[in-house]
Each structure stands twice: as structure tokens, then as C-alpha cells.
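Engineer: Structure file model26.csv (CSV, C-alpha atoms and all ligand atoms) is given on the next line.
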chain,number,residue,atom,x,y,z
M,197,MET,CA,-50.3,-10.1,-28.9
M,198,SER,CA,-50.5,-13.6,-27.5
M,199,ILE,CA,-52.0,-16.3,-29.7
M,200,THR,CA,-54.1,-19.0,-28.0
M,201,LEU,CA,-53.6,-22.4,-29.6
M,202,THR,CA,-56.4,-24.9,-29.7
M,203,ASP,CA,-55.8,-28.2,-27.9
M,204,SER,CA,-55.1,-30.1,-31.2
M,205,ALA,CA,-52.6,-27.4,-32.3
M,206,LEU,CA,-51.0,-27.5,-28.9
M,207,ALA,CA,-50.8,-31.3,-29.0
M,208,GLU,CA,-49.2,-31.2,-32.5
M,209,GLU,CA,-46.6,-28.7,-31.3
M,210,ILE,CA,-45.9,-30.8,-28.2
M,211,ARG,CA,-45.3,-33.9,-30.3
M,212,ARG,CA,-43.0,-31.9,-32.6
M,213,LEU,CA,-41.0,-30.5,-29.8
M,214,ALA,CA,-40.7,-33.9,-28.1
M,215,ARG,CA,-39.2,-35.3,-31.3
M,216,GLU,CA,-36.9,-32.4,-31.6
M,217,ARG,CA,-35.7,-32.6,-28.0
M,218,ASP,CA,-35.5,-36.5,-28.0
M,219,ALA,CA,-37.9,-36.5,-25.1
M,220,VAL,CA,-40.3,-39.2,-23.7
M,221,ILE,CA,-43.5,-37.9,-22.0
M,222,LEU,CA,-44.7,-39.8,-19.0
M,223,ALA,CA,-48.0,-39.1,-17.3
M,224,HIS,CA,-49.5,-40.4,-14.1
M,225,ASN,CA,-53.1,-41.8,-14.1
M,226,TYR,CA,-54.3,-38.7,-12.2
M,227,GLN,CA,-53.2,-36.2,-14.9
M,228,ARG,CA,-55.7,-34.1,-16.8
M,229,PRO,CA,-57.3,-36.3,-19.7
M,230,GLU,CA,-55.6,-34.2,-22.4
M,231,VAL,CA,-52.2,-34.6,-20.8
M,232,GLN,CA,-52.7,-38.4,-20.5
M,233,ASP,CA,-53.8,-38.5,-24.1
M,234,ILE,CA,-50.6,-36.9,-25.4
M,235,ALA,CA,-48.2,-38.9,-23.2
M,236,ASP,CA,-46.0,-41.8,-24.5
M,237,HIS,CA,-46.7,-43.8,-21.3
M,238,VAL,CA,-49.5,-43.4,-18.7
M,239,GLY,CA,-49.4,-45.4,-15.5
M,240,ASP,CA,-49.0,-45.7,-11.8
M,241,SER,CA,-45.9,-44.8,-9.8
M,242,LEU,CA,-44.2,-48.2,-10.1
M,243,ALA,CA,-44.9,-48.6,-13.8
M,244,LEU,CA,-43.6,-45.1,-14.6
M,245,SER,CA,-40.5,-45.7,-12.4
M,246,ARG,CA,-39.8,-48.8,-14.5
M,247,VAL,CA,-40.3,-46.9,-17.8
M,248,ALA,CA,-38.0,-44.1,-16.5
M,249,ALA,CA,-35.3,-46.6,-15.6
M,250,LYS,CA,-35.4,-48.1,-19.1
M,251,ALA,CA,-35.9,-44.9,-21.1
M,252,THR,CA,-33.7,-44.5,-24.1
M,253,ALA,CA,-34.6,-40.8,-24.9
M,254,SER,CA,-32.2,-38.2,-23.5
M,255,THR,CA,-35.0,-36.2,-21.8
M,256,ILE,CA,-37.9,-37.4,-19.6
M,257,VAL,CA,-40.7,-35.0,-19.2
M,258,PHE,CA,-42.7,-36.1,-16.1
M,259,CYS,CA,-46.3,-35.1,-16.0
M,260,GLY,CA,-46.9,-35.8,-12.4
M,261,VAL,CA,-45.7,-34.5,-9.1
M,262,HIS,CA,-42.2,-33.5,-7.8
M,263,PHE,CA,-41.4,-36.8,-6.0
M,264,MET,CA,-42.1,-38.8,-9.2
M,265,ALA,CA,-39.8,-36.6,-11.3
M,266,GLU,CA,-37.1,-37.0,-8.5
M,267,THR,CA,-37.5,-40.8,-8.6
M,268,ALA,CA,-37.1,-40.7,-12.4
M,269,LYS,CA,-33.9,-38.7,-12.0
M,270,LEU,CA,-32.6,-41.2,-9.4
M,271,LEU,CA,-33.1,-44.0,-11.9
M,272,SER,CA,-31.9,-42.2,-14.9
M,273,PRO,CA,-29.1,-39.9,-13.5
M,274,ASP,CA,-27.6,-39.2,-17.0
M,275,LYS,CA,-30.9,-38.0,-18.4
M,276,THR,CA,-32.5,-34.6,-18.2
M,277,VAL,CA,-35.7,-34.8,-16.2
M,278,LEU,CA,-38.2,-32.0,-16.6
M,279,LEU,CA,-41.3,-31.3,-14.4
M,280,PRO,CA,-43.6,-28.9,-16.3
M,281,ASP,CA,-44.6,-27.1,-13.0
M,282,PRO,CA,-42.1,-27.2,-10.1
M,283,ASP,CA,-44.9,-26.3,-7.6
M,284,ALA,CA,-46.6,-29.7,-8.3
M,285,GLY,CA,-45.9,-31.2,-4.8
M,286,CYS,CA,-47.7,-33.8,-2.7
M,287,SER,CA,-49.3,-33.4,0.7
M,288,LEU,CA,-48.4,-37.0,1.6
M,289,ALA,CA,-44.7,-36.5,0.8
M,290,ASP,CA,-44.9,-33.4,2.9
M,291,SER,CA,-46.2,-35.3,5.9
M,292,ILE,CA,-42.7,-36.5,7.0
M,293,THR,CA,-39.4,-34.6,7.1
M,294,VAL,CA,-35.9,-36.1,7.0
M,295,GLU,CA,-35.4,-35.0,10.6
M,296,GLU,CA,-38.5,-36.8,11.7
M,297,VAL,CA,-37.3,-40.0,10.0
M,298,ARG,CA,-34.0,-39.8,11.7
M,299,ALA,CA,-35.6,-39.3,15.1
M,300,TRP,CA,-37.9,-42.3,14.5
M,301,LYS,CA,-35.0,-44.5,13.5
M,302,ALA,CA,-33.1,-43.5,16.6
M,303,GLN,CA,-36.0,-44.9,18.7
M,304,HIS,CA,-35.9,-48.2,16.7
M,305,PRO,CA,-32.3,-48.7,15.8
M,306,ASP,CA,-32.7,-52.3,14.5
M,307,ALA,CA,-35.8,-51.6,12.4
M,308,VAL,CA,-36.0,-51.9,8.6
M,309,VAL,CA,-37.3,-48.6,7.2
M,310,VAL,CA,-39.9,-48.9,4.3
M,311,ALA,CA,-40.7,-45.6,2.6
M,312,TYR,CA,-43.6,-45.3,0.3
M,313,VAL,CA,-42.5,-43.8,-3.1
M,314,ASN,CA,-44.5,-40.6,-2.2
M,315,THR,CA,-41.5,-39.2,-0.3
M,316,THR,CA,-38.7,-36.7,-1.0
M,317,ALA,CA,-35.4,-38.1,-2.2
M,318,ALA,CA,-33.9,-37.0,1.1
M,319,VAL,CA,-36.4,-39.2,3.0
M,320,LYS,CA,-35.8,-42.1,0.6
M,321,ALA,CA,-32.1,-41.8,1.4
M,322,GLU,CA,-32.9,-42.6,5.0
M,323,ALA,CA,-34.9,-45.7,4.1
M,324,ASP,CA,-33.7,-49.2,3.5
M,325,ILE,CA,-36.3,-49.9,0.7
M,326,CYS,CA,-39.1,-48.1,-1.0
M,327,CYS,CA,-42.5,-49.4,-2.1
M,328,THR,CA,-45.5,-48.2,-4.1
M,329,SER,CA,-49.2,-49.1,-3.6
M,330,SER,CA,-48.8,-52.0,-6.1
M,331,ASN,CA,-45.9,-53.8,-4.3
M,332,ALA,CA,-46.1,-52.6,-0.7
M,333,ALA,CA,-47.2,-56.0,0.7
M,334,ASP,CA,-44.5,-57.9,-1.3
M,335,VAL,CA,-41.8,-55.5,-0.1
M,336,VAL,CA,-42.9,-56.1,3.5
M,337,ARG,CA,-43.0,-59.9,3.0
M,338,SER,CA,-39.4,-59.7,1.7
M,339,ILE,CA,-38.2,-58.6,5.1
M,340,PRO,CA,-37.4,-61.3,7.7
M,341,GLU,CA,-40.4,-61.9,10.1
M,342,ASP,CA,-38.4,-61.1,13.2
M,343,ARG,CA,-37.2,-57.7,12.0
M,344,GLU,CA,-39.2,-54.6,13.2
M,345,ILE,CA,-40.4,-52.4,10.4
M,346,LEU,CA,-41.0,-48.7,10.3
M,347,PHE,CA,-43.5,-48.0,7.5
M,348,LEU,CA,-43.8,-44.4,6.3
M,349,PRO,CA,-45.5,-42.0,5.7
M,350,ASP,CA,-49.1,-43.2,4.8
M,351,GLN,CA,-51.2,-44.4,7.7
M,352,PHE,CA,-54.0,-45.9,5.5
M,353,LEU,CA,-51.6,-47.8,3.2
M,354,GLY,CA,-49.7,-48.9,6.3
M,355,ALA,CA,-52.8,-50.2,8.0
M,356,HIS,CA,-53.7,-52.1,4.8
M,357,VAL,CA,-50.3,-53.7,4.5
M,358,LYS,CA,-50.3,-54.6,8.2
M,359,ARG,CA,-53.7,-56.4,7.7
M,360,VAL,CA,-52.8,-58.3,4.5
M,361,THR,CA,-49.3,-59.4,5.8
M,362,GLY,CA,-50.4,-60.0,9.4
M,363,ARG,CA,-47.2,-58.3,10.6
M,364,SER,CA,-47.5,-57.2,14.2
M,365,ASN,CA,-44.0,-55.7,14.4
M,366,LEU,CA,-44.8,-53.1,11.7
M,367,HIS,CA,-45.0,-49.5,13.0
M,368,VAL,CA,-46.9,-47.0,10.9
M,369,TRP,CA,-46.2,-43.2,10.5
M,370,SER,CA,-49.4,-41.2,10.8
M,371,GLY,CA,-49.2,-39.2,7.5
M,372,GLU,CA,-51.9,-39.0,4.9
M,373,CYS,CA,-52.8,-37.6,1.5
M,374,HIS,CA,-55.4,-34.9,1.8
M,375,VAL,CA,-57.3,-36.1,-1.3
M,376,HIS,CA,-57.5,-39.8,-0.3
M,377,ALA,CA,-58.1,-39.1,3.4
M,378,GLY,CA,-61.2,-37.1,2.3
M,379,ILE,CA,-62.7,-40.3,0.7
M,380,ASP,CA,-64.0,-41.5,4.0
M,381,GLY,CA,-66.0,-44.5,5.3
M,382,ALA,CA,-69.3,-42.6,5.7
M,383,THR,CA,-69.2,-41.4,2.0
M,384,LEU,CA,-68.4,-44.9,0.9
M,385,ARG,CA,-71.3,-46.4,2.9
M,386,GLU,CA,-73.7,-43.9,1.4
M,387,ARG,CA,-72.6,-44.7,-2.2
M,388,VAL,CA,-72.8,-48.4,-1.5
M,389,GLU,CA,-76.3,-48.1,-0.2
M,390,GLU,CA,-77.3,-46.1,-3.4
M,391,ASP,CA,-75.7,-48.8,-5.6
M,392,PRO,CA,-75.6,-52.1,-3.8
M,393,GLU,CA,-74.8,-54.1,-6.9
M,394,ALA,CA,-71.7,-52.1,-7.9
M,395,GLU,CA,-68.1,-53.3,-7.6
M,396,LEU,CA,-65.7,-51.2,-5.5
M,397,PHE,CA,-62.2,-50.2,-6.6
M,398,ILE,CA,-60.4,-48.7,-3.6
M,399,HIS,CA,-56.9,-47.1,-3.5
M,400,PRO,CA,-55.2,-48.2,-0.3
M,401,GLU,CA,-54.3,-44.5,0.5
M,402,CYS,CA,-58.1,-43.8,1.1
M,403,GLY,CA,-59.5,-43.1,4.5
M,404,CYS,CA,-62.3,-45.6,3.5
M,405,ALA,CA,-60.0,-48.6,2.8
M,406,THR,CA,-60.6,-50.1,6.2
M,407,SER,CA,-64.4,-49.3,6.0
M,408,ALA,CA,-64.6,-51.1,2.6
M,409,LEU,CA,-63.1,-54.3,4.1
M,410,TYR,CA,-65.4,-53.8,7.1
M,411,LEU,CA,-68.4,-53.6,4.8
M,412,ALA,CA,-67.2,-56.8,3.1
M,413,GLY,CA,-66.7,-58.5,6.5
M,414,GLU,CA,-70.3,-57.5,7.5
M,415,GLY,CA,-71.6,-58.9,4.2
M,416,VAL,CA,-73.0,-55.5,3.2
M,417,VAL,CA,-70.8,-55.8,0.0
M,418,PRO,CA,-69.7,-59.3,-1.0
M,419,ALA,CA,-65.9,-59.6,-0.4
M,420,GLU,CA,-65.3,-60.5,-4.1
M,421,ARG,CA,-66.7,-57.2,-5.1
M,422,VAL,CA,-64.3,-55.1,-3.0
M,423,LYS,CA,-60.9,-54.6,-4.7
M,424,VAL,CA,-58.1,-52.7,-3.0
M,425,LEU,CA,-55.8,-51.7,-5.8
M,426,SER,CA,-53.0,-49.3,-7.0
M,427,THR,CA,-54.0,-47.0,-9.9
M,428,GLY,CA,-52.3,-49.4,-12.4
M,429,GLY,CA,-54.1,-52.4,-10.7
M,430,MET,CA,-57.4,-50.6,-11.3
M,431,VAL,CA,-56.9,-50.4,-15.0
M,432,GLU,CA,-56.1,-54.1,-15.2
M,433,ALA,CA,-59.1,-55.0,-13.1
M,434,ALA,CA,-61.3,-52.7,-15.3
M,435,ARG,CA,-60.3,-54.7,-18.4
M,436,ARG,CA,-61.3,-57.9,-16.7
M,437,SER,CA,-64.5,-56.6,-14.9
M,438,GLN,CA,-67.9,-58.0,-15.8
M,439,ALA,CA,-69.6,-55.4,-13.6
M,440,ARG,CA,-72.3,-53.0,-14.9
M,441,LYS,CA,-71.1,-50.3,-12.5
M,442,VAL,CA,-67.9,-49.7,-10.6
M,443,LEU,CA,-67.5,-47.2,-7.7
M,444,VAL,CA,-64.0,-45.8,-7.7
M,445,ALA,CA,-62.4,-44.5,-4.5
M,446,THR,CA,-59.4,-42.5,-5.6
M,447,GLU,CA,-58.4,-39.3,-7.3
M,448,ILE,CA,-60.9,-38.5,-10.1
M,449,GLY,CA,-58.3,-38.3,-12.9
M,450,MET,CA,-58.3,-42.1,-12.7
M,451,LEU,CA,-61.7,-42.3,-14.4
M,452,HIS,CA,-60.2,-41.4,-17.8
M,453,GLN,CA,-58.1,-44.6,-18.1
M,454,LEU,CA,-60.8,-46.8,-16.5
M,455,ARG,CA,-63.5,-45.6,-19.0
M,456,ALA,CA,-61.1,-46.1,-21.9
M,457,ALA,CA,-60.2,-49.6,-20.6
M,458,ARG,CA,-63.8,-50.8,-20.5
M,459,PRO,CA,-66.3,-48.6,-22.3
M,460,GLY,CA,-69.3,-50.8,-21.5
M,461,THR,CA,-69.0,-50.4,-17.7
M,462,VAL,CA,-70.1,-47.3,-15.8
M,463,PHE,CA,-67.3,-46.0,-13.6
M,464,GLU,CA,-68.4,-43.4,-11.0
M,465,PRO,CA,-66.3,-41.7,-8.3
M,466,VAL,CA,-67.1,-42.4,-4.6
M,467,ASN,CA,-66.3,-38.7,-4.0
M,468,ASP,CA,-66.4,-36.5,-7.1
M,469,ARG,CA,-64.5,-33.7,-5.3
M,470,ALA,CA,-61.4,-35.9,-4.8
M,471,SER,CA,-59.2,-33.9,-7.1
M,472,CYS,CA,-55.5,-33.5,-6.5
M,473,ARG,CA,-54.7,-29.8,-7.2
M,474,TYR,CA,-51.0,-30.7,-7.6
M,475,MET,CA,-51.6,-33.2,-10.3
M,476,LYS,CA,-53.9,-30.8,-12.1
M,477,MET,CA,-51.2,-28.1,-12.2
M,478,ILE,CA,-49.8,-29.7,-15.3
M,479,THR,CA,-51.5,-28.4,-18.4
M,480,LEU,CA,-50.8,-28.7,-22.1
M,481,GLU,CA,-49.5,-25.1,-22.2
M,482,LYS,CA,-47.0,-25.9,-19.3
M,483,LEU,CA,-46.0,-29.1,-21.0
M,484,LEU,CA,-45.3,-27.2,-24.2
M,485,ARG,CA,-43.2,-24.6,-22.4
M,486,SER,CA,-41.3,-27.3,-20.6
M,487,LEU,CA,-40.3,-28.9,-23.8
M,488,ARG,CA,-39.5,-25.6,-25.6
M,489,ASP,CA,-37.5,-24.0,-22.7
M,490,GLY,CA,-36.2,-27.1,-20.9
M,491,VAL,CA,-38.0,-26.2,-17.6
M,492,THR,CA,-38.0,-27.1,-14.8
M,493,GLU,CA,-35.0,-29.4,-14.6
M,494,ILE,CA,-35.1,-31.7,-11.5
M,495,THR,CA,-31.8,-32.5,-9.8
M,496,VAL,CA,-30.9,-34.4,-6.7
M,497,PRO,CA,-27.6,-33.9,-4.8
M,498,ASP,CA,-25.1,-36.8,-5.5
M,499,ASP,CA,-24.8,-37.9,-1.9
M,500,VAL,CA,-28.6,-38.1,-1.4
M,501,ALA,CA,-29.1,-39.6,-4.8
M,502,ALA,CA,-26.7,-42.5,-4.2
M,503,LYS,CA,-28.5,-43.6,-1.0
M,504,ALA,CA,-32.0,-42.9,-2.3
M,505,ARG,CA,-31.3,-44.9,-5.5
M,506,THR,CA,-30.4,-48.0,-3.5
M,507,SER,CA,-33.8,-47.9,-1.8
M,508,VAL,CA,-35.7,-47.4,-5.1
M,509,GLU,CA,-33.7,-50.1,-6.9
M,510,ARG,CA,-34.4,-52.6,-4.1
M,511,MET,CA,-38.1,-51.9,-4.6
M,512,ILE,CA,-37.9,-52.2,-8.4
M,513,ALA,CA,-36.3,-55.7,-8.0
M,514,ILE,CA,-39.3,-56.9,-5.9
M,515,GLY,CA,-42.9,-57.2,-6.6
M,516,SER,CA,-45.0,-57.6,-9.6
M,517,PRO,CA,-46.7,-54.7,-11.3
M,518,GLN,CA,-49.2,-57.1,-12.9
M,519,ARG,CA,-50.7,-58.0,-9.5
M,520,GLY,CA,-51.6,-54.3,-8.9
M,521,GLY,CA,-52.2,-54.4,-5.1
M,522,GLU,CA,-54.1,-56.8,-2.9
Z,601,LIG,P1,-50.1,-45.1,-7.5
Z,601,LIG,O1,-48.8,-45.6,-7.0
Z,601,LIG,O2,-51.2,-46.1,-7.2
Z,601,LIG,O3,-50.0,-44.6,-8.8
Z,601,LIG,O4,-50.5,-43.9,-6.5
Z,601,LIG,C1,-49.7,-42.7,-6.5
Z,601,LIG,C2,-50.4,-41.6,-5.8
Z,601,LIG,O5,-49.9,-40.5,-5.7
Z,601,LIG,C3,-51.6,-41.9,-5.2
Z,601,LIG,O6,-52.2,-40.7,-4.7
Z,602,LIG,FE1,-49.9,-36.7,-3.3
Z,602,LIG,FE2,-52.4,-37.3,-2.7
Z,602,LIG,FE3,-51.9,-35.9,-4.9
Z,602,LIG,FE4,-51.3,-38.5,-4.8
Z,602,LIG,S1,-53.3,-37.6,-4.8
Z,602,LIG,S2,-50.0,-36.8,-5.6
Z,602,LIG,S3,-50.7,-38.7,-2.7
Z,602,LIG,S4,-51.5,-35.2,-2.8
Let me see the file written as C-alpha cells.
Ligand code: 13P
Ligand code: SF4

Structural biologist:
Amino acid sequence: MSITLTDSALAEEIRRLARERDAVILAHNYQRPEVQDIADHVGDSLALSRVAAKATASTIVFCGVHFMAETAKLLSPDKTVLLPDPDAGCSLADSITVEEVRAWKAQHPDAVVVAYVNTTAAVKAEADICCTSSNAADVVRSIPEDREILFLPDQFLGAHVKRVTGRSNLHVWSGECHVHAGIDGATLRERVEEDPEAELFIHPECGCATSALYLAGEGVVPAERVKVLSTGGMVEAARRSQARKVLVATEIGMLHQLRAARPGTVFEPVNDRASCRYMKMITLEKLLRSLRDGVTEITVPDDVAAKARTSVERMIAIGSPQRGGE
């Protein structure tokens, strides 16, 4: 007979097992609220990479998706890195293969390759430097003006970075995240018309990022009310916000941290169906099993890891997580 534990009993057992295993629990901002609440650290990709790099615990349990656990393993090769569900993938990371990167590089042999952190370790190994949504523009600015850049795989983040840096020699791969691509300009315009006084927090992976800046340019929304931010940048902006209402264009898991950061403000999703099924694969039950049985351990082959680590470490050395996007 199987016994079903309540969430609080599960949480207690998870904490006990984490102590017993000497594990630190990291959770991305898109995780289920109950998983965020039990984690030692909640944050965006860059912040969690930094925590993973400095972790003193012998095990890192990554409540996120596969590429994030791989990145933690690259930065902490001597630690055990566990992903509670090995099927937690990412449609954006799947939008470019290592063979496609090699073929693109062959067409632009002198270009610097910038890979968004939402890529496999094998793709990172082909890149010169990685970036996340919170430091992409700083990473691009760190590259000499006269060098061509291949930016992969996200077309919307690429377009945003091209705009804010003014780089004309930046080529962008046409990949996308199925969740963010679904938050489109038409939906955003509708929501803005319903709530013309609201502030807008937009993740640069969104299909609507360009439309948001267009709406600002047209004066439909005052420019100071449109903020293009990483998920970590959104939490910081929420703490500072004086707005009565904020419309949030990203995965809906984000609302949990935003509402906790500023209880007096109303945070509403631009698209309430924008849920990442990969992020939601991690449950308290799977987290408990992960800690109890040591599953699923994430490994990266040594030759791939050595090259991919260099790209990630170059990124970690650049950019400021405090700025949280542009
Ligand atoms: P952040 O780097 O802003 O946390 O975004 C990660 C991600 O997967 C967005 O979908
Ligand atoms: Fe990947 Fe999109 Fe899910 Fe982020 S929200 S993990 S980019 S599929």
C-alpha cells in the first residue's frame, strides 16, 4: 500500500534528506511554487550558475531543466549534480544541434560564437562565450566592434541584443522557446489596451519583446513603463516598483516570486497559458525521490566539459546580475 504524504510532510522529509545527503537545492524562477518554497536558492539562470560554482555542499539538486543541471556540473565537476526528472528538457536548447553550429561556423570562420545558456553542453563547447538574458548585451559589448558575431539560438533575444548594442555585424540563429514565442504582439496589445496604466515586464525571449518596444516608440505605453528583463531582473524591478499593476510577459511560474517581492502590487500574466511543461515536470515527490535514490545524476563527457566550461566561465566573468537585463 502506498502512503501519500501531505505537502508539509513531504517538505519536512526533503529537508531531512537534503541535510543527510549534504545537498543544496537550487530552483529556477519558473518552478512550481511549492518547489521554489523548499529550495535553498531561487533565481535566474545566471544567478543559479553563480551559486552552483560556489556551492560547498557535495551534491547539487537542480530543480530546473537539463541544460541548467549540465551547466551546474560544468562549474562544479567534483560535485554530484542531480536533476529530479531527466526528461525536463527545453525546446529552445533543442532548436540547434552541434552539427548545425559547426556548419554555421564554417560559413563564418572568423566570427565569435555567442551561445545563450539555454543550449546543450555540446553546443556550448562549440561556442567562444555563453550569455544569459541578464548579461547578453554586456557579453556582446565585450567583443571587439569589428568582429562578426554568431548569436544562437534565440531569435527574439538576438534581435533585442542587436537593438540595444546597435551591432550590425551580429547574425542571429532562428530558434525560439515555444512558451515565449506564444506570448505575441497581438496578445500584448490587447492586454495593454485593457490596462493602459500598467507597467510591462517583458522577458527578451518573448515573441512580443519587439512589439513592446514598438508600443513604447508609438507612445501607446510610455517608454519608462516598458522593462525588458531577465527573470532575476524582474524580481529586482518588482521590489522597486511603485506601480499598482504589472503585466508580466514570461512563463507563469515567475508570478510566485514577483508577488512575494511586492505584495501590494498586482502582477498579472500577459498570457496565462504560458506554462513550460518541462519546468513543471519537477514535483516535490520527484525531488524527494531524487534525494533519496540519488537520481538522476547528470554527467558531461570530459572533452566536451573542458571546452564548454571555458565558454561558461568567460560569461561568469562578465556582466552584472544586478542589472538584470536592459
Ligand atoms: P532566465 O535566464 O531569465 O532565468 O531565463 C531562463 C529561461 O529558460 C527562460 O525561459
Ligand atoms: Fe526552455 Fe522555454 Fe521552458 Fe525556458 S520556458 S526552459 S526556454 S522551453

Engineer: Between atom CA of M:Arg337 and atom CA of M:Ile325, what is the spacing in Å?

Structural biologist: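 Result for atom CA of M:Ile325 versus atom CA of M:Arg337: 12.3 Å, one decimal.
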
Engineer: Compute the set of protein, DNA and RNA residues whose minimum atom distance to ligand LIG 602 (chain Z) is at most 9 Å, using only C-alpha atoms and all ligand atoms, and state it as a VMD selection string.

Structural biologist: chain M and resid 226 260 to 264 284 to 290 314 350 372 to 377 401 446 to 447 470 to 475

Engineer: So that I have them on file, write out the residues from the current selection with C-alpha atoms, as a compact mmCIF listing (two decimals), keeping the file's coordinate frame.

Structural biologist:
# COMPACT_ATOMS: atom_id res chain seq x y z
CA TYR M 226 -54.30 -38.70 -12.20
CA GLY M 260 -46.90 -35.80 -12.40
CA VAL M 261 -45.70 -34.50 -9.10
CA HIS M 262 -42.20 -33.50 -7.80
CA PHE M 263 -41.40 -36.80 -6.00
CA MET M 264 -42.10 -38.80 -9.20
CA ALA M 284 -46.60 -29.70 -8.30
CA GLY M 285 -45.90 -31.20 -4.80
CA CYS M 286 -47.70 -33.80 -2.70
CA SER M 287 -49.30 -33.40 0.70
CA LEU M 288 -48.40 -37.00 1.60
CA ALA M 289 -44.70 -36.50 0.80
CA ASP M 290 -44.90 -33.40 2.90
CA ASN M 314 -44.50 -40.60 -2.20
CA ASP M 350 -49.10 -43.20 4.80
CA GLU M 372 -51.90 -39.00 4.90
CA CYS M 373 -52.80 -37.60 1.50
CA HIS M 374 -55.40 -34.90 1.80
CA VAL M 375 -57.30 -36.10 -1.30
CA HIS M 376 -57.50 -39.80 -0.30
CA ALA M 377 -58.10 -39.10 3.40
CA GLU M 401 -54.30 -44.50 0.50
CA THR M 446 -59.40 -42.50 -5.60
CA GLU M 447 -58.40 -39.30 -7.30
CA ALA M 470 -61.40 -35.90 -4.80
CA SER M 471 -59.20 -33.90 -7.10
CA CYS M 472 -55.50 -33.50 -6.50
CA ARG M 473 -54.70 -29.80 -7.20
CA TYR M 474 -51.00 -30.70 -7.60
CA MET M 475 -51.60 -33.20 -10.30

Engineer: Using all atoms listed in the file, determine which residues lie at most 7 Å from M:Leu484, disregarding the query and same-chain residues fewer than 4 positions distant; provide the list as a PDB file with C-alpha atoms, in the frame of the given file.

Structural biologist:
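What follows is the written file selection-v1.pdb:
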ATOM      1  CA  ILE M 210     -45.900 -30.800 -28.200  1.00  0.00           C
ATOM      2  CA  LEU M 480     -50.800 -28.700 -22.100  1.00  0.00           C
ATOM      3  CA  ARG M 488     -39.500 -25.600 -25.600  1.00  0.00           C
TER       4      ARG M 488
END

Engineer: Given the choices M:Met477, M:Leu206, M:Ala513, M:Val431, which gets closest to ligand LIG 601 (chain Z) if the distance is worked out from all atoms listed in the file?

Structural biologist: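 Closest to ligand LIG 601 (chain Z), using all atoms listed in the file: M:Val431.
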
Engineer: Please give me, as a list in words, the residues lying within 7 Å of ligand LIG 601 (chain Z) when counting only C-alpha atoms and all ligand atoms.

Structural biologist: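 Listing the residues within 7 Å of ligand LIG 601 (chain Z) gives His224, Asn225, Gly239, Asp240, Ser241, Leu242, Asn314, Thr328, Ser329, Ser330, Cys373, His376, His399, Glu401, Ser426, Thr427, Gly428 and Glu447 of chain M.
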
Engineer: Let me see the file: selected residues, C-alpha atoms, as an mmCIF file, keeping the file's coordinate frame.

Structural biologist:
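Below you can see part_6.cif, which holds the result:
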data_model
loop_
_atom_site.group_PDB
_atom_site.id
_atom_site.type_symbol
_atom_site.label_atom_id
_atom_site.label_comp_id
_atom_site.auth_asym_id
_atom_site.auth_seq_id
_atom_site.Cartn_x
_atom_site.Cartn_y
_atom_site.Cartn_z
ATOM 1 C CA HIS M 224 -49.500 -40.400 -14.100
ATOM 2 C CA ASN M 225 -53.100 -41.800 -14.100
ATOM 3 C CA GLY M 239 -49.400 -45.400 -15.500
ATOM 4 C CA ASP M 240 -49.000 -45.700 -11.800
ATOM 5 C CA SER M 241 -45.900 -44.800 -9.800
ATOM 6 C CA LEU M 242 -44.200 -48.200 -10.100
ATOM 7 C CA ASN M 314 -44.500 -40.600 -2.200
ATOM 8 C CA THR M 328 -45.500 -48.200 -4.100
ATOM 9 C CA SER M 329 -49.200 -49.100 -3.600
ATOM 10 C CA SER M 330 -48.800 -52.000 -6.100
ATOM 11 C CA CYS M 373 -52.800 -37.600 1.500
ATOM 12 C CA HIS M 376 -57.500 -39.800 -0.300
ATOM 13 C CA HIS M 399 -56.900 -47.100 -3.500
ATOM 14 C CA GLU M 401 -54.300 -44.500 0.500
ATOM 15 C CA SER M 426 -53.000 -49.300 -7.000
ATOM 16 C CA THR M 427 -54.000 -47.000 -9.900
ATOM 17 C CA GLY M 428 -52.300 -49.400 -12.400
ATOM 18 C CA GLU M 447 -58.400 -39.300 -7.300
#

Engineer: In terms of the shortest atom-to-atom distance over only C-alpha atoms, which of M:Arg343, M:Arg458, M:Lys423, M:Arg246 is closest to M:Val444?

Structural biologist: M:Lys423

Engineer: Can you list, as a list in words, every protein, DNA or RNA residue that comes within 10 Å of M:Arg217 when you count only C-alpha atoms, leaving out same-chain residues fewer than 4 positions away?

Structural biologist: Arg211, Arg212, Leu213, Ala253, Ser254, Thr255, Ile256, Leu487, Arg488 and Gly490 of chain M

Engineer: Need the shell around M:Cys327: protein/DNA/RNA residues with any atom at most 8 Å away, counting only C-alpha atoms. Skip same-chain ones fewer than 2 positions apart. Format as an MDAnalysis selection string?

Structural biologist: chainID M and resid 310:313 325 329:332 335 508 511

Engineer: Let me make sure I understand: among M:Pro459, M:Pro349, M:Gly415, M:Pro280, which one has the smallest atom-to-atom distance to M:Val297 if we use all atoms listed in the file?

Structural biologist: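 Looking at the shortest contact to M:Val297, the residue is M:Pro349.
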
Engineer: Counting only C-alpha atoms, which residue out of M:Ala434, M:Val336, M:Ala405, M:Val368 sits closest to M:Leu348?

Structural biologist: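 For M:Leu348, the nearest of the candidates is M:Val368.
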
Engineer: Mind pulling up the distance from atom CA of M:Asp498 to atom CA of M:Arg485?

Structural biologist: 27.6 Å

Engineer: Just how far from atom CA of M:Val294 is atom CA of M:Val491, in Å to one decimal?

Structural biologist: 26.6 Å

Engineer: Taking all atoms listed in the file into account, name the residue in M:Ala433, M:Leu346, M:Ala504, M:Ala456 that is nearest to M:Asp233.

Structural biologist: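 Nearest candidate to M:Asp233 out of M:Ala433, M:Leu346, M:Ala504, M:Ala456: M:Ala456.
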
Engineer: Identify, on the basis of only C-alpha atoms, every residue whose closest approach to M:Val277 does not exceed 8 Å; exclude the query and any residue fewer than 2 positions from it along the same chain; express the result as a list in words.

Structural biologist: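 Close residues of M:Val277: Thr255, Ile256, Val257, Phe258, Ala265, Ala268, Lys269, Lys275, Leu279, Glu493, Ile494 and Thr495 of chain M.
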
Engineer: Can I get the selected residues back with C-alpha atoms, as a PDB file, in the frame of the given file?

Structural biologist:
ATOM      1  CA  THR M 255     -35.000 -36.200 -21.800  1.00  0.00           C
ATOM      2  CA  ILE M 256     -37.900 -37.400 -19.600  1.00  0.00           C
ATOM      3  CA  VAL M 257     -40.700 -35.000 -19.200  1.00  0.00           C
ATOM      4  CA  PHE M 258     -42.700 -36.100 -16.100  1.00  0.00           C
ATOM      5  CA  ALA M 265     -39.800 -36.600 -11.300  1.00  0.00           C
ATOM      6  CA  ALA M 268     -37.100 -40.700 -12.400  1.00  0.00           C
ATOM      7  CA  LYS M 269     -33.900 -38.700 -12.000  1.00  0.00           C
ATOM      8  CA  LYS M 275     -30.900 -38.000 -18.400  1.00  0.00           C
ATOM      9  CA  LEU M 279     -41.300 -31.300 -14.400  1.00  0.00           C
ATOM     10  CA  GLU M 493     -35.000 -29.400 -14.600  1.00  0.00           C
ATOM     11  CA  ILE M 494     -35.100 -31.700 -11.500  1.00  0.00           C
ATOM     12  CA  THR M 495     -31.800 -32.500  -9.800  1.00  0.00           C
TER      13      THR M 495
END

Engineer: Go through M:Glu390, M:Glu481, M:Asp499, M:Glu296 one by one, measure the shortest atom-to-atom distance of each to M:Trp369 using all atoms listed in the file, and give the residue with the smallest value.

Structural biologist: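 The answer is M:Glu296, which sits nearest to M:Trp369.
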